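Below: work.cif (mmCIF, C-alpha atoms)
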data_protein
loop_
_atom_site.label_atom_id
_atom_site.label_comp_id
_atom_site.auth_asym_id
_atom_site.auth_seq_id
_atom_site.Cartn_x
_atom_site.Cartn_y
_atom_site.Cartn_z
CA MET A 892 -29.06 -123.91 130.62
CA ALA A 893 -30.54 -120.45 130.50
CA LEU A 894 -28.82 -118.67 133.40
CA LEU A 895 -25.20 -118.48 132.27
CA PHE A 896 -23.53 -116.31 134.89
CA MET A 897 -24.08 -114.02 137.85
CA ASP A 898 -21.70 -111.95 139.96
CA GLY A 899 -21.91 -109.57 142.90
CA PHE A 900 -18.09 -109.00 143.00
CA GLU A 901 -17.85 -109.78 146.73
CA GLN A 902 -15.42 -112.69 146.23
CA TYR A 903 -12.68 -110.56 144.68
CA SER A 904 -10.04 -108.52 146.46
CA ALA A 905 -8.70 -106.98 143.23
CA VAL A 906 -9.73 -106.76 139.58
CA SER A 907 -6.63 -108.77 138.70
CA GLN A 908 -8.65 -111.79 139.86
CA LEU A 909 -11.04 -111.15 136.95
CA ALA A 910 -8.22 -110.97 134.43
CA SER A 911 -7.07 -113.68 132.02
CA GLY A 912 -5.91 -116.81 133.80
CA SER A 913 -7.85 -116.29 137.03
CA TYR A 914 -10.27 -119.09 136.22
CA LEU A 915 -9.50 -122.72 135.58
CA GLY A 916 -9.34 -123.36 131.86
CA THR A 917 -11.64 -126.35 132.30
CA SER A 918 -14.13 -124.52 134.52
CA PRO A 919 -17.66 -125.73 133.80
CA MET A 920 -19.08 -122.22 134.03
CA PRO A 921 -20.61 -121.31 130.65
CA ALA A 922 -19.24 -117.76 130.97
CA LEU A 923 -16.26 -116.23 132.77
CA TRP A 924 -14.44 -112.96 133.24
CA GLY A 925 -11.21 -113.06 131.33
CA TYR A 926 -9.77 -109.60 130.68
CA VAL A 927 -9.59 -106.17 132.29
CA GLN A 928 -8.53 -103.14 130.26
CA ASN A 929 -7.10 -100.88 132.92
CA SER A 930 -5.64 -97.65 131.57
CA GLY A 931 -7.86 -96.04 134.19
CA GLN A 932 -8.26 -97.58 137.64
CA ALA A 933 -10.59 -100.56 137.77
CA LEU A 934 -11.03 -101.46 141.42
CA ILE A 935 -13.13 -103.69 143.62
CA ASP A 936 -14.92 -101.08 145.74
CA ASN A 937 -17.13 -100.96 148.83
CA THR A 938 -19.56 -98.46 147.27
CA VAL A 939 -22.83 -100.30 146.66
CA TYR A 940 -26.53 -99.58 146.66
CA ARG A 941 -28.80 -102.49 145.99
CA THR A 942 -27.33 -105.43 147.91
CA VAL A 943 -26.99 -105.53 151.69
CA GLN A 944 -24.82 -108.61 152.15
CA PRO A 945 -25.52 -111.11 154.97
CA SER A 946 -21.74 -111.27 155.45
CA GLY A 947 -21.65 -107.53 156.05
CA SER A 948 -19.17 -106.83 153.23
CA ALA A 949 -20.75 -105.63 149.99
CA LYS A 950 -18.68 -104.71 146.93
CA SER A 951 -18.96 -103.43 143.38
CA ILE A 952 -16.53 -102.92 140.52
CA ARG A 953 -15.46 -99.30 140.01
CA PHE A 954 -13.95 -97.72 136.91
CA TYR A 955 -12.24 -94.40 137.67
CA TYR A 956 -9.14 -92.27 137.14
CA SER A 957 -8.33 -88.87 138.61
CA GLY A 958 -5.13 -88.13 136.71
CA SER A 959 -6.20 -87.69 133.08
CA SER A 960 -8.61 -89.00 130.48
CA TRP A 961 -8.91 -92.78 130.62
CA SER A 962 -10.65 -95.96 129.47
CA SER A 963 -11.25 -99.11 131.50
CA TYR A 964 -13.57 -102.10 131.27
CA ALA A 965 -14.00 -105.78 132.20
CA THR A 966 -14.68 -108.43 129.55
CA LEU A 967 -16.85 -111.51 130.00
CA TYR A 968 -16.46 -114.43 127.59
CA THR A 969 -19.14 -117.00 126.83
CA ARG A 970 -17.89 -120.55 126.30
CA ALA A 971 -20.41 -121.15 123.52
CA VAL A 972 -21.48 -118.86 120.68
CA GLU A 973 -24.78 -117.29 121.76
CA THR A 974 -27.51 -116.12 119.38
CA ASP A 975 -29.78 -114.78 122.14
CA LEU A 976 -28.61 -112.98 125.28
CA ILE A 977 -30.21 -111.24 128.23
CA VAL A 978 -27.86 -109.04 130.28
CA GLY A 979 -28.66 -107.16 133.48
CA PHE A 980 -26.64 -105.05 135.94
CA VAL A 981 -26.99 -102.12 138.31
CA VAL A 982 -24.90 -99.06 137.35
CA ASN A 983 -24.11 -95.67 138.85
CA SER A 984 -22.20 -93.21 136.67
CA SER A 985 -21.11 -89.75 137.80
CA SER A 986 -21.60 -88.48 134.23
CA LEU A 987 -23.94 -89.29 131.36
CA ASP A 988 -22.68 -90.86 128.14
CA ALA A 989 -19.79 -92.56 129.93
CA TRP A 990 -20.60 -96.20 130.76
CA ARG A 991 -21.04 -98.80 128.03
CA LEU A 992 -22.28 -102.35 127.65
CA ARG A 993 -20.74 -103.81 124.49
CA LEU A 994 -21.31 -107.15 122.78
CA GLY A 995 -18.92 -108.68 120.28
CA SER A 996 -18.18 -111.86 118.33
CA ALA A 997 -15.18 -113.83 117.06
CA ASN A 998 -14.00 -111.18 114.59
CA THR A 999 -14.80 -108.16 116.72
CA GLY A 1000 -11.21 -107.59 117.77
CA SER A 1001 -10.98 -105.04 120.57
CA LEU A 1002 -14.25 -104.11 122.22
CA GLN A 1003 -12.98 -100.54 121.91
CA GLY A 1004 -13.31 -100.93 118.13
CA THR A 1005 -16.23 -100.62 115.71
CA ASN A 1006 -17.48 -104.20 115.30
CA VAL A 1007 -19.61 -104.06 118.43
CA ILE A 1008 -23.18 -103.62 119.64
CA THR A 1009 -23.33 -100.82 122.22
CA LEU A 1010 -25.85 -99.90 124.92
CA ARG A 1011 -25.28 -96.55 126.64
CA ALA A 1012 -27.02 -93.57 128.25
CA ASN A 1013 -26.72 -90.46 126.07
CA THR A 1014 -26.30 -86.87 127.30
CA SER A 1015 -30.10 -86.52 127.54
CA GLY A 1016 -30.38 -89.55 129.82
CA GLN A 1017 -31.97 -91.75 127.16
CA LEU A 1018 -30.83 -95.33 126.72
CA VAL A 1019 -29.43 -95.89 123.24
CA LEU A 1020 -28.71 -99.21 121.50
CA GLU A 1021 -26.40 -98.99 118.49
CA ASN A 1022 -24.81 -101.26 115.92
CA ASN A 1023 -21.43 -99.62 115.57
CA ARG A 1024 -20.49 -101.80 112.60
CA THR A 1025 -23.34 -100.41 110.49
CA ALA A 1026 -23.48 -97.03 112.28
CA ALA A 1027 -27.18 -97.69 112.90
CA ASN A 1028 -29.12 -96.43 115.91
CA LEU A 1029 -31.36 -99.39 116.77
CA ILE A 1030 -33.22 -97.99 119.81
CA THR A 1031 -33.43 -94.64 121.56
CA SER A 1032 -35.68 -94.69 124.62
CA ALA A 1033 -38.58 -92.26 124.47
CA GLY A 1034 -39.12 -89.25 126.68
CA GLY A 1035 -36.77 -86.95 128.49
CA GLN A 1036 -34.34 -87.69 131.26
CA SER A 1037 -34.74 -91.25 132.45
CA PHE A 1038 -31.17 -92.31 133.31
CA TYR A 1039 -29.69 -89.90 135.83
CA SER A 1040 -26.03 -89.41 136.65
CA GLY A 1041 -25.09 -90.17 140.24
CA VAL A 1042 -28.12 -92.46 140.67
CA TRP A 1043 -28.19 -96.26 140.79
CA HIS A 1044 -30.21 -97.72 137.90
CA TYR A 1045 -30.83 -101.32 136.87
CA VAL A 1046 -30.25 -101.73 133.12
CA GLU A 1047 -31.21 -104.80 131.06
CA LEU A 1048 -30.81 -105.75 127.41
CA LYS A 1049 -32.39 -108.66 125.54
CA ILE A 1050 -31.02 -109.14 122.04
CA SER A 1051 -31.06 -111.78 119.32
CA TRP A 1052 -28.39 -112.18 116.63
CA GLY A 1053 -29.21 -111.73 112.96
CA ALA A 1054 -29.61 -109.56 109.88
CA SER A 1055 -33.28 -109.13 110.79
CA ALA A 1056 -33.45 -109.59 114.54
CA SER A 1057 -34.96 -108.00 117.64
CA ALA A 1058 -33.87 -106.22 120.82
CA GLU A 1059 -35.46 -104.75 123.94
CA ILE A 1060 -34.02 -102.54 126.68
CA ARG A 1061 -35.35 -102.08 130.19
CA LEU A 1062 -34.58 -99.51 132.87
CA ASP A 1063 -35.38 -100.31 136.51
CA GLY A 1064 -37.64 -103.15 135.42
CA LEU A 1065 -39.65 -101.21 132.82
CA THR A 1066 -39.39 -101.54 129.02
CA VAL A 1067 -38.15 -98.25 127.57
CA GLY A 1068 -37.56 -99.36 123.98
CA SER A 1069 -37.81 -102.31 121.60
CA VAL A 1070 -37.21 -103.02 117.93
CA SER A 1071 -37.47 -105.87 115.43
CA GLY A 1072 -36.25 -106.54 111.91
CA VAL A 1073 -32.86 -104.87 112.45
CA ASP A 1074 -29.26 -105.97 111.96
CA THR A 1075 -27.80 -106.89 115.36
CA ARG A 1076 -24.63 -108.60 114.09
CA SER A 1077 -21.40 -107.16 115.43
CA HIS A 1078 -19.56 -108.85 112.55
CA ALA A 1079 -21.55 -110.02 109.55
CA SER A 1080 -19.56 -113.23 108.96
CA ASP A 1081 -19.92 -114.55 112.54
CA PRO A 1082 -22.69 -116.84 113.85
CA GLY A 1083 -23.31 -115.10 117.20
CA TYR A 1084 -21.92 -113.31 120.25
CA ASN A 1085 -19.12 -114.71 122.39
CA GLN A 1086 -17.99 -111.72 124.48
CA LEU A 1087 -19.24 -108.58 126.17
CA CYS A 1088 -17.77 -105.82 128.28
CA ILE A 1089 -18.96 -103.39 130.96
CA GLY A 1090 -17.31 -100.13 131.96
CA ALA A 1091 -15.77 -97.42 129.81
CA PRO A 1092 -14.33 -98.87 126.56
CA ILE A 1093 -14.16 -95.26 125.30
CA THR A 1094 -12.02 -92.34 126.45
CA VAL A 1095 -13.73 -90.39 129.22
CA ALA A 1096 -12.75 -87.42 131.34
CA SER A 1097 -10.63 -87.57 134.48
CA GLY A 1098 -12.44 -87.75 137.81
CA MET A 1099 -15.42 -89.62 136.38
CA ALA A 1100 -16.54 -92.73 138.28
CA ILE A 1101 -18.60 -95.70 137.08
CA TYR A 1102 -19.83 -98.35 139.55
CA ILE A 1103 -21.34 -101.66 138.39
CA ASP A 1104 -22.83 -104.42 140.55
CA ASP A 1105 -25.33 -107.33 140.64
CA PHE A 1106 -24.62 -108.64 137.15
CA TYR A 1107 -26.42 -111.51 135.40
CA LEU A 1108 -26.28 -113.13 131.96
CA CYS A 1109 -28.87 -115.49 130.44
CA ASN A 1110 -29.73 -116.99 127.08
CA THR A 1111 -33.19 -118.05 125.90
CA SER A 1112 -32.70 -121.83 126.00
CA GLY A 1113 -34.74 -124.10 128.25
CA THR A 1114 -37.89 -123.24 130.15
CA THR A 1115 -36.55 -121.32 133.18
CA ASN A 1116 -34.46 -118.16 133.57
CA ASN A 1117 -34.67 -117.62 129.81
CA ASN A 1118 -36.02 -114.07 129.81
CA PHE A 1119 -35.56 -110.82 131.71
CA LEU A 1120 -34.93 -111.54 135.40
CA GLY A 1121 -35.65 -107.95 136.43
CA PRO A 1122 -33.58 -105.95 138.93
CA VAL A 1123 -31.85 -108.76 140.83
CA SER A 1124 -29.56 -108.82 143.86
CA VAL A 1125 -26.61 -111.17 144.11
CA TYR A 1126 -25.89 -112.39 147.65
CA THR A 1127 -22.51 -113.86 148.56
CA LEU A 1128 -22.45 -116.36 151.44
CA TYR A 1129 -19.46 -117.81 153.30
CA PRO A 1130 -18.85 -120.96 155.39
CA THR A 1131 -19.91 -120.68 159.04
CA SER A 1132 -19.50 -124.26 160.34
CA ASN A 1133 -18.60 -127.77 159.27
CA GLY A 1134 -21.19 -129.73 157.33
CA ALA A 1135 -22.11 -133.40 157.56
CA ILE A 1136 -18.87 -134.63 155.89
CA ASN A 1137 -15.37 -133.31 156.54
CA GLN A 1138 -12.68 -135.59 155.10
CA PHE A 1139 -10.11 -132.97 154.10
CA THR A 1140 -7.35 -131.90 156.51
CA PRO A 1141 -7.32 -128.25 157.61
CA THR A 1142 -4.13 -126.17 157.78
CA GLY A 1143 -3.90 -122.88 159.64
CA ALA A 1144 -7.20 -123.41 161.45
CA VAL A 1145 -8.70 -125.88 163.91
CA ASN A 1146 -11.88 -126.52 161.92
CA ASN A 1147 -12.25 -127.17 158.21
CA TRP A 1148 -14.75 -124.34 157.67
CA GLU A 1149 -12.42 -121.84 159.35
CA ALA A 1150 -9.70 -122.73 156.87
CA VAL A 1151 -11.89 -121.71 153.90
CA LYS A 1152 -14.12 -118.95 155.29
CA GLU A 1153 -12.07 -115.95 154.13
CA GLN A 1154 -13.77 -113.66 151.63
CA ASN A 1155 -10.61 -113.50 149.53
CA HIS A 1156 -8.36 -116.52 149.50
CA ASP A 1157 -5.15 -116.19 151.51
CA SER A 1158 -2.95 -118.59 149.53
CA ASN A 1159 -1.26 -121.13 151.83
CA ALA A 1160 -2.11 -119.41 155.12
CA THR A 1161 -5.33 -121.39 155.64
CA TYR A 1162 -6.67 -124.20 153.46
CA VAL A 1163 -8.02 -127.76 153.40
CA ALA A 1164 -6.32 -130.54 151.47
CA SER A 1165 -6.60 -134.23 150.70
CA SER A 1166 -4.59 -136.82 148.80
CA SER A 1167 -7.39 -139.40 149.00
CA PRO A 1168 -9.63 -140.01 145.98
CA ASN A 1169 -13.32 -139.35 146.65
CA ALA A 1170 -12.66 -137.36 149.83
CA SER A 1171 -15.34 -134.74 150.50
CA ASP A 1172 -15.70 -131.58 152.55
CA ARG A 1173 -19.00 -129.81 153.21
CA TYR A 1174 -19.81 -126.54 154.93
CA ASN A 1175 -22.83 -124.71 156.25
CA VAL A 1176 -22.98 -121.12 155.01
CA THR A 1177 -24.40 -117.78 156.09
CA ASP A 1178 -28.20 -117.62 156.06
CA ILE A 1179 -29.70 -115.00 153.77
CA GLY A 1180 -31.19 -113.53 156.94
CA ALA A 1181 -34.07 -111.08 156.92
CA VAL A 1182 -34.06 -110.84 153.12
CA SER A 1183 -36.91 -112.85 151.56
CA PRO A 1184 -36.43 -112.86 147.77
CA SER A 1185 -39.55 -113.79 145.83
CA THR A 1186 -37.45 -115.74 143.33
CA ILE A 1187 -34.01 -117.32 143.63
CA TYR A 1188 -32.65 -117.93 140.14
CA GLY A 1189 -29.62 -120.01 141.04
CA VAL A 1190 -26.71 -120.73 143.37
CA THR A 1191 -23.03 -120.72 142.41
CA VAL A 1192 -20.27 -122.40 144.40
CA ASN A 1193 -16.81 -120.83 144.12
CA SER A 1194 -13.42 -122.25 145.06
CA TRP A 1195 -9.71 -121.51 144.71
CA SER A 1196 -7.66 -124.67 144.27
CA ILE A 1197 -4.11 -125.84 143.57
CA LYS A 1198 -2.37 -129.17 142.98
CA MET A 1199 0.86 -129.87 144.81
CA GLU A 1200 2.06 -132.50 142.34
CA ALA A 1201 1.59 -133.36 138.67
CA SER A 1202 -1.09 -135.98 139.22
CA GLY A 1203 -4.32 -136.65 137.35
CA ARG A 1204 -6.53 -135.47 140.21
CA GLN A 1205 -9.65 -133.38 139.71
CA ILE A 1206 -12.28 -131.75 141.94
CA ARG A 1207 -15.95 -130.90 141.69
CA HIS A 1208 -18.34 -128.68 143.62
CA ASN A 1209 -21.65 -129.79 145.11
CA VAL A 1210 -24.67 -128.56 147.03
CA THR A 1211 -26.72 -130.60 149.49
CA VAL A 1212 -30.24 -129.85 150.75
CA GLY A 1213 -32.37 -132.24 152.79
CA GLY A 1214 -30.13 -135.23 152.12
CA ASN A 1215 -30.10 -134.70 148.34
CA THR A 1216 -26.81 -133.76 146.67
CA ALA A 1217 -26.22 -132.22 143.24
CA ASN A 1218 -22.70 -132.57 141.86
CA GLY A 1219 -21.05 -130.20 139.45
CA SER A 1220 -18.69 -130.96 136.60
CA ALA A 1221 -15.09 -132.03 137.17
CA VAL A 1222 -12.41 -129.34 136.99
CA THR A 1223 -8.65 -129.84 136.93
CA PRO A 1224 -6.55 -127.70 139.30
CA THR A 1225 -3.17 -126.53 138.08
CA VAL A 1226 0.19 -127.32 139.67
CA GLY A 1227 1.73 -124.51 141.70
CA THR A 1228 -0.86 -121.78 141.01
CA TYR A 1229 -4.19 -121.13 142.71
CA MET A 1230 -7.02 -120.89 140.21
CA HIS A 1231 -10.64 -119.87 140.59
CA ALA A 1232 -13.55 -122.09 139.50
CA GLN A 1233 -17.33 -121.75 139.74
CA GLU A 1234 -20.28 -124.09 139.33
CA LEU A 1235 -23.80 -122.82 138.71
CA PHE A 1236 -26.75 -124.77 140.12
CA ALA A 1237 -29.90 -123.35 138.49
CA THR A 1238 -32.16 -125.72 140.47
CA ASN A 1239 -31.98 -127.20 143.96
CA PRO A 1240 -30.60 -130.74 144.39
CA SER A 1241 -34.11 -132.18 144.01
CA GLY A 1242 -34.49 -130.46 140.62
CA GLY A 1243 -36.98 -127.82 141.74
CA SER A 1244 -36.80 -124.07 142.10
CA TRP A 1245 -34.61 -122.71 144.87
CA THR A 1246 -36.33 -121.29 147.94
CA LYS A 1247 -35.00 -119.19 150.82
CA ALA A 1248 -35.42 -122.26 153.07
CA ASP A 1249 -33.26 -124.29 150.66
CA VAL A 1250 -30.48 -121.71 150.68
CA ASP A 1251 -30.58 -121.31 154.46
CA ALA A 1252 -30.41 -125.11 154.91
CA MET A 1253 -27.91 -125.98 152.18
CA GLU A 1254 -24.38 -127.26 152.56
CA ILE A 1255 -21.82 -126.42 149.88
CA GLY A 1256 -18.95 -128.74 149.24
CA ILE A 1257 -15.85 -129.81 147.38
CA GLU A 1258 -14.98 -133.36 146.39
CA GLY A 1259 -11.70 -134.85 145.16
CA LEU A 1260 -11.87 -137.15 142.16
#
The structure given in the file should be rewritten as structure tokens.
Amino acid sequence: MALLFMDGFEQYSAVSQLASGSYLGTSPMPALWGYVQNSGQALIDNTVYRTVQPSGSAKSIRFYYSGSSWSSYATLYTRAVETDLIVGFVVNSSSLDAWRLRLGSANTGSLQGTNVITLRANTSGQLVLENNRTAANLITSAGGQSFYSGVWHYVELKISWGASASAEIRLDGLTVGSVSGVDTRSHASDPGYNQLCIGAPITVASGMAIYIDDFYLCNTSGTTNNNFLGPVSVYTLYPTSNGAINQFTPTGAVNNWEAVKEQNHDSNATYVASSSPNASDRYNVTDIGAVSPSTIYGVTVNSWSIKMEASGRQIRHNVTVGGNTANGSAVTPTVGTYMHAQELFATNPSGGSWTKADVDAMEIGIEGL
């Protein structure tokens, strides 16, 4: 798998849903948010630029504090140690030299510390890649002002791990710096990266705001989605009607799809449930609409689930297009607490590349095991 993770932040009502414990511990996603440092105010915000959502509700993650100096960031963990990563996101910062992308490994400790790789925009608007462990400046983009405060920019980093490795940074789809034969290890004794953060892992001034949206993470394995994806948009779609199979029982709504259509889950107010093994529920979702993306890199299916008794039951997500169904990996809900799980489908159920017609025609589903 090359595409590890993508997020447009629409499915969250609060950053606490990104924090440790929000995701099922057995989630098949190869990467997951797991920690939010929040001495500032990390919020899910309606300020966005790049993505007009078919649902009408677009969101970003905002890092901000008006009271005093602050630091705040969200951490993403990879489930496997990665020796090659490609990271992309759109960012708007009200001040230069404020936002950071940081990569770390097993012995990094806090991403506010020194054993990290850092990408930032300096006070001249140049993108700078640094190895903070060795105090080495790996890349400084050429020219004058290229990253502007108060402007949305798409930033991407491709980096390999090693004592003599390579890195490349892109701004709004264009390469602005590259290097090879440099030390990119955040900790010399580790085999690769296993965490990164976005936001402000440094102390910044009060009143400064950083917005981040449309995030993706890849590695270089496989033959697809294993390089820069370019400035991407992440669209979040919601159920609009029942699909071909509806074997769960709805609560709080007449139709199954109405019980699960909320953008942020409402606990026990509306839900679908089943005690029968192999029961399935499928839903049609919002069409992408007038947007016609040239490339669709993948589809993720998200759910919040809970078990009402200490049984051995599991669930899995699926997608169906044209009579073909692709099933995800089994996940195990917890007893008494709603947990969030995702499944990434990098290809359509027939094994080919996703198209707009596929997405508009697909049914997403959940199955009890």
Nearest to Asn929 of chain A by atom-to-atom distance, counting all atoms listed in the file, from A:Trp1043, A:Ser946, A:Thr1014, A:Arg953: A:Arg953
Closest of A:Ser1196, A:Val1019, A:His1208, A:Lys1049 to Asn1117 of chain A - atom-to-atom distances counting only C-alpha atoms: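 Between A:Ser1196, A:Val1019, A:His1208, A:Lys1049, the residue approaching Asn1117 of chain A most closely is A:Lys1049.
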Among the residues A:Gly979, A:Ser1185, A:Asn1013, A:Asn1147, the one that comes closest to Gly1121 of chain A [using only C-alpha atoms]: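 Comparing A:Gly979, A:Ser1185, A:Asn1013, A:Asn1147 against Gly1121 of chain A, the winner is A:Gly979.
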Picked residues, the PyMOL selection byres ((chain A and resi 997-1011) around 6), as a list in words: Arg991, Leu992, Arg993, Leu994, Gly995, Ser996, Ala1012, Leu1018, Val1019, Leu1020, Glu1021, Asn1022, Asn1023, Arg1024, Ser1077, His1078 and Pro1092 of chain A
Between atom CA of Gln1154 of chain A and atom CA of Ile1197 of chain A - distance in Å to one decimal: 17.5 Å
Residue nearest Ile952 of chain A among A:Trp1052, A:Tyr903, A:Trp1245, A:Tyr1188 (counting only C-alpha atoms): A:Tyr903
Selected residue of minimal separation from Gln928 of chain A among A:Ser1015, A:Ser963, A:Thr1191, A:Ser1244, counting only C-alpha atoms: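 Among the listed residues, the smallest separation from Gln928 of chain A belongs to A:Ser963.
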Expected answer as a list in words: all residues with atoms within 10 Å of (-20.8, -109.6, 148.3), only C-alpha atoms: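 It turns out the residues near that spot are Asp898, Gly899, Phe900, Glu901, Gln902, Tyr903, Asn937, Val939, Thr942, Val943, Gln944, Pro945, Ser946, Gly947, Ser948, Ala949, Lys950, Ser951, Asp1104, Asp1105, Ser1124, Val1125, Tyr1126, Thr1127, Leu1128, Tyr1129 and Gln1154 of chain A.
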Who sits within 6 Å of Asn1085 of chain A, all atoms listed in the file, same chain under 6 positions skipped, as a PyMOL selection string: chain A and resi 968-969+972+996
Could you dump the residues just selected with C-alpha atoms as a PDB file, keeping the file's coordinate frame?
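The result, written out as selection-v8.pdb:
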ATOM      1  CA  TYR A 968     -16.460-114.430 127.590  1.00  0.00           C
ATOM      2  CA  THR A 969     -19.140-117.000 126.830  1.00  0.00           C
ATOM      3  CA  VAL A 972     -21.480-118.860 120.680  1.00  0.00           C
ATOM      4  CA  SER A 996     -18.180-111.860 118.330  1.00  0.00           C
TER       5      SER A 996
END
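Among the candidates A:Leu909, A:Val1070, A:Leu987, A:Ala1091, the one nearest to Tyr1039 of chain A when counting all atoms listed in the file is A:Leu987.
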Near-Leu923 of chain A list (9 Å; all atoms listed in the file; drop same-chain fewer than 4 positions) as a PyMOL selection string: chain A and resi 896+909+914+918+966-970+1233
Residues in the PyMOL selection byres ((chain A and resi 1155-1168) around 12), expressed as an MDAnalysis selection string: chainID A and resid 900:905 908 935 948 1127 1129 1137:1154 1169:1174 1193:1200 1202:1207 1227:1231 1256:1260
Polymer residues at most 6 Å from Glu1047 of chain A, only C-alpha atoms, same-chain spacing of 4 or more positions, as JSON, numbers by chain: {"A": [978, 979, 1060, 1061]}
Residues in the PyMOL selection byres ((chain A and resi 1108) around 8), expressed as a ChimeraX atom specification: /A:894-897,976-979,1106-1107,1109-1110
Atom-to-atom span, atom CA of Trp961 of chain A and atom CA of Gln1017 of chain A, Å: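 That distance, rounded to one decimal, is 23.3 Å.
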Where is the centre and how long are the edges: axis-aligned box on segment 981-989 of chain A, 6 Å on each side, Å to one decimal, as AutoDock Vina command-line options:
--center_x -23.4 --center_y -95.3 --center_z 133.5 --size_x 19.2 --size_y 25.6 --size_z 22.7
Sel. within 9 Å of pt (-35.7, -95.4, 130.9), counting all atoms listed in the file, output as a ChimeraX atom specification: /A:1016-1018,1032-1038,1046,1060-1063,1065-1068
Near-Pro1240 of chain A list (7 Å; only C-alpha atoms; drop same-chain fewer than 4 positions) as a PyMOL selection string: chain A and resi 1210-1212+1215-1217
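Taking atom CA of Thr1114 of chain A and atom CA of Tyr1045 of chain A as the two end points, the separation is 24.0 Å.
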Quick test: take segment 975-988 of chain A, keep N, CA and C atoms, and write it as an mmCIF file, in the first residue's frame.
data_model
loop_
_atom_site.group_PDB
_atom_site.id
_atom_site.type_symbol
_atom_site.label_atom_id
_atom_site.label_comp_id
_atom_site.auth_asym_id
_atom_site.auth_seq_id
_atom_site.Cartn_x
_atom_site.Cartn_y
_atom_site.Cartn_z
ATOM 1 N N ASP A 975 10.433 5.721 3.781
ATOM 2 C CA ASP A 975 10.166 6.708 2.734
ATOM 3 C C ASP A 975 8.764 7.252 2.956
ATOM 4 N N LEU A 976 8.625 8.563 2.998
ATOM 5 C CA LEU A 976 7.323 9.182 3.206
ATOM 6 C C LEU A 976 7.121 10.336 2.241
ATOM 7 N N ILE A 977 5.877 10.507 1.806
ATOM 8 C CA ILE A 977 5.457 11.693 1.072
ATOM 9 C C ILE A 977 4.282 12.281 1.829
ATOM 10 N N VAL A 978 4.385 13.538 2.233
ATOM 11 C CA VAL A 978 3.364 14.218 3.024
ATOM 12 C C VAL A 978 2.902 15.452 2.262
ATOM 13 N N GLY A 979 1.586 15.690 2.236
ATOM 14 C CA GLY A 979 1.055 16.892 1.607
ATOM 15 C C GLY A 979 -0.094 17.464 2.406
ATOM 16 N N PHE A 980 -0.231 18.788 2.409
ATOM 17 C CA PHE A 980 -1.339 19.448 3.112
ATOM 18 C C PHE A 980 -1.409 20.900 2.651
ATOM 19 N N VAL A 981 -2.597 21.485 2.759
ATOM 20 C CA VAL A 981 -2.762 22.902 2.479
ATOM 21 C C VAL A 981 -2.720 23.646 3.812
ATOM 22 N N VAL A 982 -2.005 24.784 3.851
ATOM 23 C CA VAL A 982 -1.795 25.512 5.101
ATOM 24 C C VAL A 982 -1.934 27.009 4.863
ATOM 25 N N ASN A 983 -2.534 27.678 5.838
ATOM 26 C CA ASN A 983 -2.642 29.131 5.849
ATOM 27 C C ASN A 983 -2.210 29.584 7.232
ATOM 28 N N SER A 984 -1.153 30.386 7.299
ATOM 29 C CA SER A 984 -0.622 30.864 8.568
ATOM 30 C C SER A 984 -0.621 32.382 8.572
ATOM 31 N N SER A 985 -1.128 32.984 9.650
ATOM 32 C CA SER A 985 -1.204 34.441 9.711
ATOM 33 C C SER A 985 0.155 35.082 9.932
ATOM 34 N N SER A 986 1.184 34.260 10.196
ATOM 35 C CA SER A 986 2.540 34.781 10.366
ATOM 36 C C SER A 986 3.530 33.784 9.799
ATOM 37 N N LEU A 987 4.654 34.265 9.299
ATOM 38 C CA LEU A 987 5.709 33.386 8.826
ATOM 39 C C LEU A 987 6.470 32.779 10.001
ATOM 40 N N ASP A 988 7.176 31.706 9.725
ATOM 41 C CA ASP A 988 7.975 30.994 10.723
ATOM 42 C C ASP A 988 7.143 30.632 11.953
#
